[in-house]
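Engineer: See start.txt below, with compact mmCIF, C-alpha atoms.
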# COMPACT_ATOMS: atom_id res chain seq x y z
CA MET A 1 -20.46 -22.87 90.27
CA ARG A 2 -17.88 -25.47 91.32
CA MET A 3 -16.75 -25.55 94.95
CA THR A 4 -14.79 -28.80 95.02
CA GLY A 5 -14.04 -30.02 98.52
CA TRP A 6 -16.41 -27.58 100.22
CA SER A 7 -19.07 -28.81 102.61
CA ASP A 8 -22.72 -28.06 101.82
CA ASN A 9 -22.81 -25.52 104.65
CA MET A 10 -19.78 -23.65 103.31
CA LYS A 11 -21.24 -23.69 99.80
CA GLY A 12 -24.51 -22.29 101.13
CA ALA A 13 -22.69 -19.60 103.11
CA ALA A 14 -20.64 -18.58 100.06
CA LEU A 15 -23.77 -18.42 97.91
CA MET A 16 -25.56 -16.32 100.54
CA VAL A 17 -22.62 -13.89 100.73
CA GLY A 18 -22.61 -13.70 96.94
CA SER A 19 -26.35 -13.09 96.84
CA MET A 20 -26.09 -10.26 99.37
CA ALA A 21 -23.19 -8.78 97.41
CA CYS A 22 -25.25 -8.79 94.21
CA PHE A 23 -28.21 -7.11 95.87
CA GLY A 24 -25.84 -4.56 97.44
CA PHE A 25 -24.08 -3.72 94.18
CA GLY A 26 -27.45 -3.49 92.42
CA ASP A 27 -28.71 -1.02 95.02
CA ALA A 28 -25.45 0.92 94.70
CA CYS A 29 -26.00 1.25 90.94
CA ILE A 30 -29.48 2.67 91.53
CA LYS A 31 -28.20 5.07 94.19
CA ALA A 32 -25.43 6.20 91.84
CA LEU A 33 -28.05 7.04 89.22
CA GLY A 34 -29.45 9.59 91.68
CA GLY A 35 -31.97 11.84 90.01
CA ALA A 36 -30.59 11.36 86.51
CA MET A 37 -33.76 9.54 85.52
CA PRO A 38 -37.13 8.86 87.15
CA LEU A 39 -37.26 5.93 89.54
CA SER A 40 -40.21 4.61 87.52
CA GLN A 41 -37.97 4.35 84.47
CA VAL A 42 -35.30 2.53 86.48
CA LEU A 43 -37.83 0.08 87.93
CA THR A 44 -39.39 -0.56 84.51
CA ILE A 45 -36.13 -1.42 82.77
CA ARG A 46 -34.77 -3.38 85.73
CA GLY A 47 -38.10 -5.15 86.16
CA LEU A 48 -38.16 -6.30 82.54
CA ALA A 49 -34.77 -7.97 82.94
CA ALA A 50 -35.58 -9.47 86.34
CA SER A 51 -39.02 -10.80 85.34
CA PHE A 52 -37.69 -12.37 82.15
CA PHE A 53 -34.91 -14.17 83.98
CA ILE A 54 -37.10 -15.32 86.88
CA ALA A 55 -39.56 -16.74 84.33
CA LEU A 56 -36.70 -18.69 82.75
CA LEU A 57 -35.64 -20.00 86.17
CA ALA A 58 -39.21 -20.99 87.00
CA ARG A 59 -39.54 -22.84 83.72
CA HIS A 60 -36.18 -24.56 84.17
CA PHE A 61 -37.12 -25.82 87.64
CA ARG A 62 -40.67 -26.68 86.46
CA GLN A 63 -42.25 -24.16 88.82
CA LEU A 64 -44.13 -22.18 86.18
CA ARG A 65 -47.58 -23.29 87.35
CA PHE A 66 -50.99 -21.66 87.64
CA ASP A 67 -52.96 -24.42 89.38
CA MET A 68 -52.84 -22.92 92.89
CA ALA A 69 -55.85 -22.73 95.18
CA ARG A 70 -57.88 -19.50 95.33
CA ARG A 71 -56.64 -18.82 98.87
CA ASP A 72 -53.03 -19.08 97.70
CA TRP A 73 -53.70 -16.73 94.79
CA GLY A 74 -55.09 -14.22 97.29
CA LEU A 75 -51.91 -14.50 99.36
CA ILE A 76 -49.81 -14.18 96.22
CA ALA A 77 -51.69 -10.96 95.39
CA LEU A 78 -51.08 -9.65 98.92
CA ARG A 79 -47.41 -10.52 98.66
CA ALA A 80 -47.14 -8.83 95.26
CA GLY A 81 -48.74 -5.64 96.59
CA SER A 82 -46.36 -5.67 99.55
CA GLU A 83 -43.43 -6.12 97.17
CA VAL A 84 -44.54 -3.06 95.23
CA GLY A 85 -44.64 -1.00 98.42
CA ALA A 86 -41.29 -2.35 99.58
CA ALA A 87 -39.61 -1.51 96.27
CA TYR A 88 -41.00 2.02 96.17
CA PHE A 89 -40.31 2.96 99.79
CA PHE A 90 -36.93 1.22 100.04
CA LEU A 91 -35.49 2.64 96.83
CA THR A 92 -36.86 6.12 97.55
CA ALA A 93 -35.21 5.99 100.98
CA LEU A 94 -32.02 4.62 99.41
CA LEU A 95 -31.79 7.62 97.07
CA ASN A 96 -32.10 10.05 99.98
CA MET A 97 -30.34 8.33 102.91
CA PRO A 98 -26.85 7.00 103.59
CA PHE A 99 -26.52 3.55 102.06
CA ALA A 100 -25.67 1.71 105.29
CA ASN A 101 -28.44 3.39 107.30
CA VAL A 102 -31.30 2.20 105.13
CA THR A 103 -29.72 -1.25 104.72
CA ALA A 104 -29.28 -1.58 108.48
CA LEU A 105 -32.96 -0.86 109.06
CA LEU A 106 -33.90 -3.58 106.59
CA GLN A 107 -31.96 -6.08 108.73
CA MET A 108 -34.74 -5.83 111.30
CA LEU A 109 -36.77 -8.29 109.23
CA PRO A 110 -36.27 -11.41 111.43
CA LEU A 111 -37.38 -9.37 114.45
CA THR A 112 -40.44 -7.82 112.77
CA VAL A 113 -41.55 -11.17 111.35
CA THR A 114 -41.31 -12.76 114.81
CA LEU A 115 -43.25 -9.82 116.27
CA ALA A 116 -45.94 -10.06 113.58
CA SER A 117 -46.24 -13.81 114.16
CA ALA A 118 -46.93 -13.21 117.84
CA VAL A 119 -49.33 -10.28 117.39
CA VAL A 120 -51.25 -11.30 114.27
CA PHE A 121 -51.26 -15.09 114.51
CA ALA A 122 -50.86 -15.45 118.29
CA GLU A 123 -47.88 -17.75 117.85
CA PRO A 124 -45.96 -18.45 121.06
CA VAL A 125 -42.84 -16.33 121.55
CA GLY A 126 -40.73 -16.94 124.63
CA TRP A 127 -39.10 -14.28 126.77
CA LYS A 128 -35.77 -14.72 125.03
CA ARG A 129 -37.16 -13.79 121.63
CA TRP A 130 -39.28 -10.99 123.14
CA SER A 131 -36.09 -9.63 124.70
CA ALA A 132 -34.33 -9.80 121.34
CA ILE A 133 -37.20 -7.91 119.69
CA VAL A 134 -37.14 -5.14 122.31
CA ILE A 135 -33.35 -4.79 122.17
CA GLY A 136 -33.42 -4.84 118.36
CA PHE A 137 -35.97 -2.02 118.28
CA MET A 138 -33.71 -0.03 120.59
CA GLY A 139 -31.00 -0.48 117.97
CA MET A 140 -33.43 0.84 115.36
CA LEU A 141 -33.99 3.97 117.45
CA LEU A 142 -30.24 4.56 117.55
CA ILE A 143 -30.21 4.56 113.74
CA VAL A 144 -33.20 6.82 113.06
CA ARG A 145 -32.73 8.93 116.25
CA PRO A 146 -36.20 10.56 116.35
CA GLY A 147 -36.22 14.12 117.62
CA THR A 148 -32.74 14.89 116.29
CA SER A 149 -31.60 16.73 113.17
CA GLY A 150 -30.74 13.40 111.56
CA PHE A 151 -34.36 12.25 111.60
CA ASP A 152 -36.43 13.05 108.51
CA ALA A 153 -39.19 11.69 106.32
CA TRP A 154 -36.79 9.37 104.52
CA SER A 155 -36.23 7.45 107.76
CA LEU A 156 -40.00 6.87 107.84
CA TYR A 157 -39.84 5.66 104.23
CA ALA A 158 -37.25 3.08 105.27
CA LEU A 159 -39.40 1.93 108.20
CA VAL A 160 -42.47 1.64 105.94
CA ALA A 161 -40.33 -0.49 103.61
CA VAL A 162 -39.54 -2.78 106.56
CA ALA A 163 -43.27 -3.03 107.31
CA CYS A 164 -44.02 -3.89 103.67
CA VAL A 165 -41.35 -6.60 103.60
CA THR A 166 -42.75 -8.01 106.85
CA VAL A 167 -46.23 -8.27 105.31
CA ARG A 168 -44.64 -9.82 102.22
CA ASP A 169 -42.90 -12.52 104.21
CA MET A 170 -45.87 -13.19 106.47
CA SER A 171 -48.14 -13.70 103.46
CA THR A 172 -45.53 -16.03 101.97
CA ARG A 173 -45.51 -18.04 105.17
CA ARG A 174 -49.28 -18.60 105.06
CA MET A 175 -49.21 -20.13 101.56
CA GLY A 176 -49.60 -23.83 101.00
CA LYS A 177 -46.41 -25.87 100.93
CA GLY A 178 -47.03 -26.87 97.34
CA VAL A 179 -46.92 -23.31 96.00
CA PRO A 180 -43.73 -22.94 93.88
CA SER A 181 -41.45 -20.27 95.34
CA LEU A 182 -40.20 -19.11 91.95
CA MET A 183 -43.77 -18.67 90.71
CA VAL A 184 -44.48 -16.49 93.74
CA THR A 185 -41.33 -14.46 93.07
CA LEU A 186 -42.28 -14.06 89.41
CA MET A 187 -45.73 -12.72 90.28
CA SER A 188 -44.17 -10.19 92.66
CA SER A 189 -41.63 -9.11 90.06
CA LEU A 190 -44.38 -8.65 87.46
CA ALA A 191 -46.41 -6.62 89.96
CA VAL A 192 -43.49 -4.23 90.53
CA LEU A 193 -42.98 -4.02 86.77
CA GLY A 194 -46.68 -3.24 86.19
CA PHE A 195 -46.63 -0.58 88.90
CA ALA A 196 -43.51 1.00 87.40
CA VAL A 197 -44.99 1.06 83.89
CA LEU A 198 -48.20 2.76 85.11
CA TRP A 199 -46.19 5.21 87.22
CA SER A 200 -43.94 6.07 84.30
CA LEU A 201 -46.90 7.07 82.09
CA GLY A 202 -47.09 10.41 83.87
CA GLN A 203 -43.34 11.03 83.76
CA GLU A 204 -40.90 11.94 81.05
CA TRP A 205 -38.32 9.28 80.36
CA GLN A 206 -34.74 10.47 80.11
CA PRO A 207 -32.34 9.40 77.34
CA LEU A 208 -29.70 6.90 78.37
CA THR A 209 -26.18 8.29 78.47
CA ALA A 210 -23.22 5.91 78.44
CA THR A 211 -22.79 6.28 82.21
CA ASN A 212 -26.47 5.94 83.10
CA GLY A 213 -26.89 3.08 80.66
CA ALA A 214 -23.99 1.23 82.27
CA LEU A 215 -25.36 1.81 85.78
CA LEU A 216 -28.83 0.66 84.76
CA ALA A 217 -27.39 -2.42 83.07
CA GLY A 218 -25.42 -3.12 86.23
CA ALA A 219 -28.53 -2.77 88.40
CA SER A 220 -30.37 -5.24 86.15
CA LEU A 221 -27.54 -7.76 86.01
CA PHE A 222 -26.89 -7.64 89.73
CA ILE A 223 -30.52 -8.19 90.69
CA VAL A 224 -30.64 -11.16 88.31
CA GLY A 225 -27.47 -12.47 89.96
CA GLY A 226 -28.94 -11.91 93.42
CA TYR A 227 -32.13 -13.79 92.56
CA SER A 228 -30.14 -16.66 90.99
CA LEU A 229 -27.87 -17.13 93.98
CA SER A 230 -30.79 -16.82 96.42
CA VAL A 231 -32.45 -19.74 94.60
CA PHE A 232 -29.30 -21.86 94.69
CA VAL A 233 -28.60 -21.06 98.34
CA MET A 234 -31.87 -22.71 99.40
CA ARG A 235 -30.76 -25.98 97.77
CA VAL A 236 -27.59 -26.52 99.84
CA GLY A 237 -26.61 -26.28 103.49
CA GLU A 238 -28.57 -26.05 106.71
CA VAL A 239 -30.79 -22.99 107.13
CA SER A 240 -29.56 -22.44 110.69
CA PHE A 241 -25.97 -22.22 109.44
CA VAL A 242 -26.57 -20.29 106.21
CA ALA A 243 -29.25 -17.76 107.27
CA PRO A 244 -27.02 -15.56 109.50
CA PHE A 245 -24.78 -14.85 106.50
CA ARG A 246 -27.59 -12.67 105.12
CA TYR A 247 -26.21 -10.00 107.45
CA THR A 248 -23.14 -9.67 105.24
CA GLY A 249 -25.46 -7.44 103.22
CA LEU A 250 -24.88 -4.75 105.83
CA LEU A 251 -21.11 -5.17 105.57
CA TRP A 252 -21.37 -4.77 101.80
CA ALA A 253 -23.46 -1.64 102.31
CA LEU A 254 -20.83 -0.15 104.64
CA LEU A 255 -18.08 -0.89 102.13
CA LEU A 256 -19.99 0.35 99.08
CA GLY A 257 -21.19 3.48 100.89
CA LEU A 258 -17.63 4.36 101.89
CA VAL A 259 -15.93 3.58 98.58
CA PHE A 260 -18.49 4.95 96.11
CA PHE A 261 -20.38 7.61 98.04
CA GLY A 262 -17.92 8.74 100.72
CA GLU A 263 -20.42 7.79 103.45
CA TRP A 264 -19.55 6.42 106.87
CA PRO A 265 -22.27 6.10 109.50
CA ALA A 266 -22.14 8.00 112.78
CA VAL A 267 -21.16 6.05 115.89
CA PRO A 268 -24.79 5.69 117.16
CA THR A 269 -25.77 4.25 113.78
CA LEU A 270 -22.96 1.70 113.91
CA ILE A 271 -23.93 0.71 117.44
CA GLY A 272 -27.60 0.40 116.41
CA ALA A 273 -26.66 -1.69 113.38
CA ALA A 274 -24.53 -4.00 115.55
CA ILE A 275 -27.44 -4.43 117.98
CA ILE A 276 -29.85 -5.26 115.17
CA MET A 277 -27.38 -7.75 113.67
CA GLY A 278 -26.77 -9.43 117.02
CA THR A 279 -30.44 -9.75 117.96
CA GLY A 280 -31.37 -10.80 114.42
CA ILE A 281 -28.77 -13.58 114.35
CA PHE A 282 -29.90 -14.72 117.80
CA THR A 283 -33.52 -14.82 116.56
CA LEU A 284 -32.62 -16.81 113.45
CA LEU A 285 -30.62 -19.35 115.47
CA ARG A 286 -33.30 -19.57 118.15
CA GLU A 287 -36.03 -20.20 115.59
CA ALA A 288 -33.92 -22.86 113.87
CA ARG A 289 -33.54 -24.61 117.24
CA LEU A 290 -37.29 -24.46 117.81
CA ARG A 291 -37.97 -25.92 114.37
CA ARG A 292 -35.70 -28.85 115.16
CA ARG A 293 -37.75 -29.44 118.33
CA GLY A 294 -40.99 -29.27 116.35
CA GLN A 295 -42.15 -25.98 117.91
CA PRO A 296 -43.62 -23.10 115.86
CA ALA A 297 -41.23 -20.49 114.52
CA PRO A 298 -41.59 -17.96 111.72
CA ASN A 299 -40.28 -18.98 108.31
CA ILE A 300 -38.32 -16.00 106.98
CA ARG A 301 -37.56 -15.82 103.26
CA ARG A 302 -35.37 -13.40 101.35
CA THR A 303 -36.54 -13.24 97.71
I need this file expressed as structure tokens, please.
Structural biologist:
Amino acid sequence: MRMTGWSDNMKGAALMVGSMACFGFGDACIKALGGAMPLSQVLTIRGLAASFFIALLARHFRQLRFDMARRDWGLIALRAGSEVGAAYFFLTALLNMPFANVTALLQMLPLTVTLASAVVFAEPVGWKRWSAIVIGFMGMLLIVRPGTSGFDAWSLYALVAVACVTVRDMSTRRMGKGVPSLMVTLMSSLAVLGFAVLWSLGQEWQPLTATNGALLAGASLFIVGGYSLSVFVMRVGEVSFVAPFRYTGLLWALLLGLVFFGEWPAVPTLIGAAIIMGTGIFTLLREARLRRRGQPAPNIRRT
């Protein structure tokens, strides 16, 4: 991808926006499939394409290695299990909730990782980041609105997905610095694929129609594109500048939900999403500032 005349930061921002767009369009393809075929079938076919391509990327960048320490393999296994849970709960929620709602809840990740760092690993978190966490969780309550007619089990599925992704990223953070990121991603992708294959054994696969086949192909291609761009984005630009652009994923979800599914969130949901975005961006910038000062801050990855 040629971006002549662009600074590294602008290249990184463009790649991050592109990555979020790919993940958004891929999720839209799966949501458009609806109940036309079992989710296990979708995950199996998509997982085959994703795992194959990630393996090629890992080989190209010479990250296809198996000489990690036993402790790192244990963390890789924990991350893979968390990825399985995240895929199941997120996509199940996605099929049953408005697109933007479930995507907005997933944007809580910087806040939940900071919270987990403080609670589980007793890492220091100042009052500013604690305030951001509390305010961000208030935004989450505006989205799920417990006790109202809009609250259902699918909202809980989305929150469990957030918890799974938090465990995934925390386990990633505890790995040794020499562990190849693409190898970790490949193991997680293979775990989701294995889970989907076993799950599909008890379900009847549906024949692919032209429409469903096109949507499934789109879901596979977009996730490959998302993974590719997410690898490239880590090679250019400053993290503190590029990371906030991950929130364009919510803007893509709003646009895709409106155009393809006729969905537009209620006003409380929009307010909650804006609160989560604001506190999340503040947290990312604050942690980048702490890293520059040599103080501990969670390392959040989107893979």
Engineer: Of the residues A:Gly226, A:Thr209, A:Asp27, A:Met183, which is the one nearest to Arg59 (chain A), using all atoms listed in the file?
Structural biologist: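 Among A:Gly226, A:Thr209, A:Asp27, A:Met183, it is A:Met183 that comes nearest to Arg59 (chain A).
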Engineer: Would you mind telling me which residue in A:Val134, A:Leu94, A:Val233, A:Ala58 lies nearest to Leu33 (chain A) when using all atoms listed in the file?
Structural biologist: A:Leu94
Engineer: For each of A:Ala288, A:Leu182, A:Cys22, A:Ala93, take the minimum atom-to-atom distance to Leu57 (chain A), counting all atoms listed in the file, then give the residue where this is smallest.
Structural biologist: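 That would be A:Leu182, the residue with the smallest distance to Leu57 (chain A).
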Engineer: Name the residues in contact with Arg168 (chain A) at a cut-off of 9 Å, using all atoms listed in the file, excluding same-chain residues fewer than 5 positions from it; report them as a list in words.
Structural biologist: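 So, after excluding close chain neighbours, the residues are Leu78, Arg79, Ala80, Gly81, Ser82, Glu83, Ala86, Ala163 and Arg173 of chain A.
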Engineer: If I take CA of Arg70 (chain A) and CA of Gly176 (chain A), how far is one from the other in Å, to one decimal?
Structural biologist: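 Here the two named atoms are 10.9 Å from each other.
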Engineer: Quick one: pull the distance between CA of Thr248 (chain A) and CA of Val17 (chain A), Å, one decimal.
Structural biologist: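 If I compute the distance from CA of Thr248 (chain A) to CA of Val17 (chain A), I get 6.2 Å.
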Engineer: Which residue gives the smallest distance to Leu91 (chain A) among A:Val267, A:Met138, A:Ala13, A:Ala161, with only C-alpha atoms counted?
Structural biologist: A:Ala161
Engineer: Enclose all atoms of region 202-208 of chain A listed in the file in an axis-aligned box, grow every side by 8 Å, and hand back centre and edge lengths in Å to one decimal, as AutoDock Vina command-line options.
Structural biologist:
--center_x -38.4 --center_y 9.4 --center_z 80.6 --size_x 33.4 --size_y 21.0 --size_z 22.5
Engineer: Which is closer to Gly85 (chain A) than all the others in A:Val160, A:Ile275, A:Leu208, A:Leu251, using only C-alpha atoms?
Structural biologist: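 That would be A:Val160, the residue with the smallest distance to Gly85 (chain A).
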Engineer: Of the candidates A:Val197, A:Met16, A:Met170, A:Leu56, which one gets nearest to Thr114 (chain A) if we count all atoms listed in the file?
Structural biologist: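 Nearest to Thr114 (chain A): A:Met170.
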Engineer: Got a sec to check which residues sit within 9 Å of (-34.6, -12.2, 120.3), counting only C-alpha atoms, and write them as a ChimeraX atom specification?
Structural biologist: /A:111,114,126-136,278-284,286
Engineer: Considering all atoms listed in the file, return as a list in words whatever protein or nucleic-acid residues lie within 8 Å of Val102 (chain A), sequence-local ones (same chain, fewer than 3 positions apart) excluded.
Structural biologist: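 Using all atoms listed in the file, the neighbours found are Phe90, Ala93, Leu94, Met97, Pro98, Phe99, Leu105, Leu106, Ser155 and Ala158 of chain A.
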Engineer: Which value, in Å to one decimal, gives the distance between CA of Tyr157 (chain A) and CA of Phe137 (chain A)?
Structural biologist: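 We find that CA of Tyr157 (chain A) and CA of Phe137 (chain A) lie 16.5 Å from each other.
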Engineer: Taking (-23.6, -4.6, 93.2) as a centre in this file's frame and 9 Å as the limit, can you find every polymer residue with an atom that close, using only C-alpha atoms, and give them as a list of chain:residue names?
Structural biologist: A:Met20, A:Ala21, A:Cys22, A:Phe23, A:Gly24, A:Phe25, A:Gly26, A:Asp27, A:Ala28, A:Cys29, A:Gly218, A:Ala219, A:Leu221, A:Phe222, A:Ile223, A:Trp252, A:Leu256
Engineer: Could you list, as a list in words, every residue within 7 Å of Tyr247 (chain A), counting only C-alpha atoms and ignoring same-chain residues fewer than 3 positions away?
Structural biologist: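 Everything that qualifies: Pro244, Leu250 and Met277 of chain A.
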Engineer: Write out as a list of chain:residue names the residues lying within 10 Å of Met37 (chain A), counting all atoms listed in the file and excluding same-chain residues fewer than 6 positions away.
Structural biologist: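 Residues near the query, excluding close chain neighbours: A:Gln203, A:Glu204, A:Trp205, A:Gln206, A:Pro207, A:Leu208, A:Asn212.
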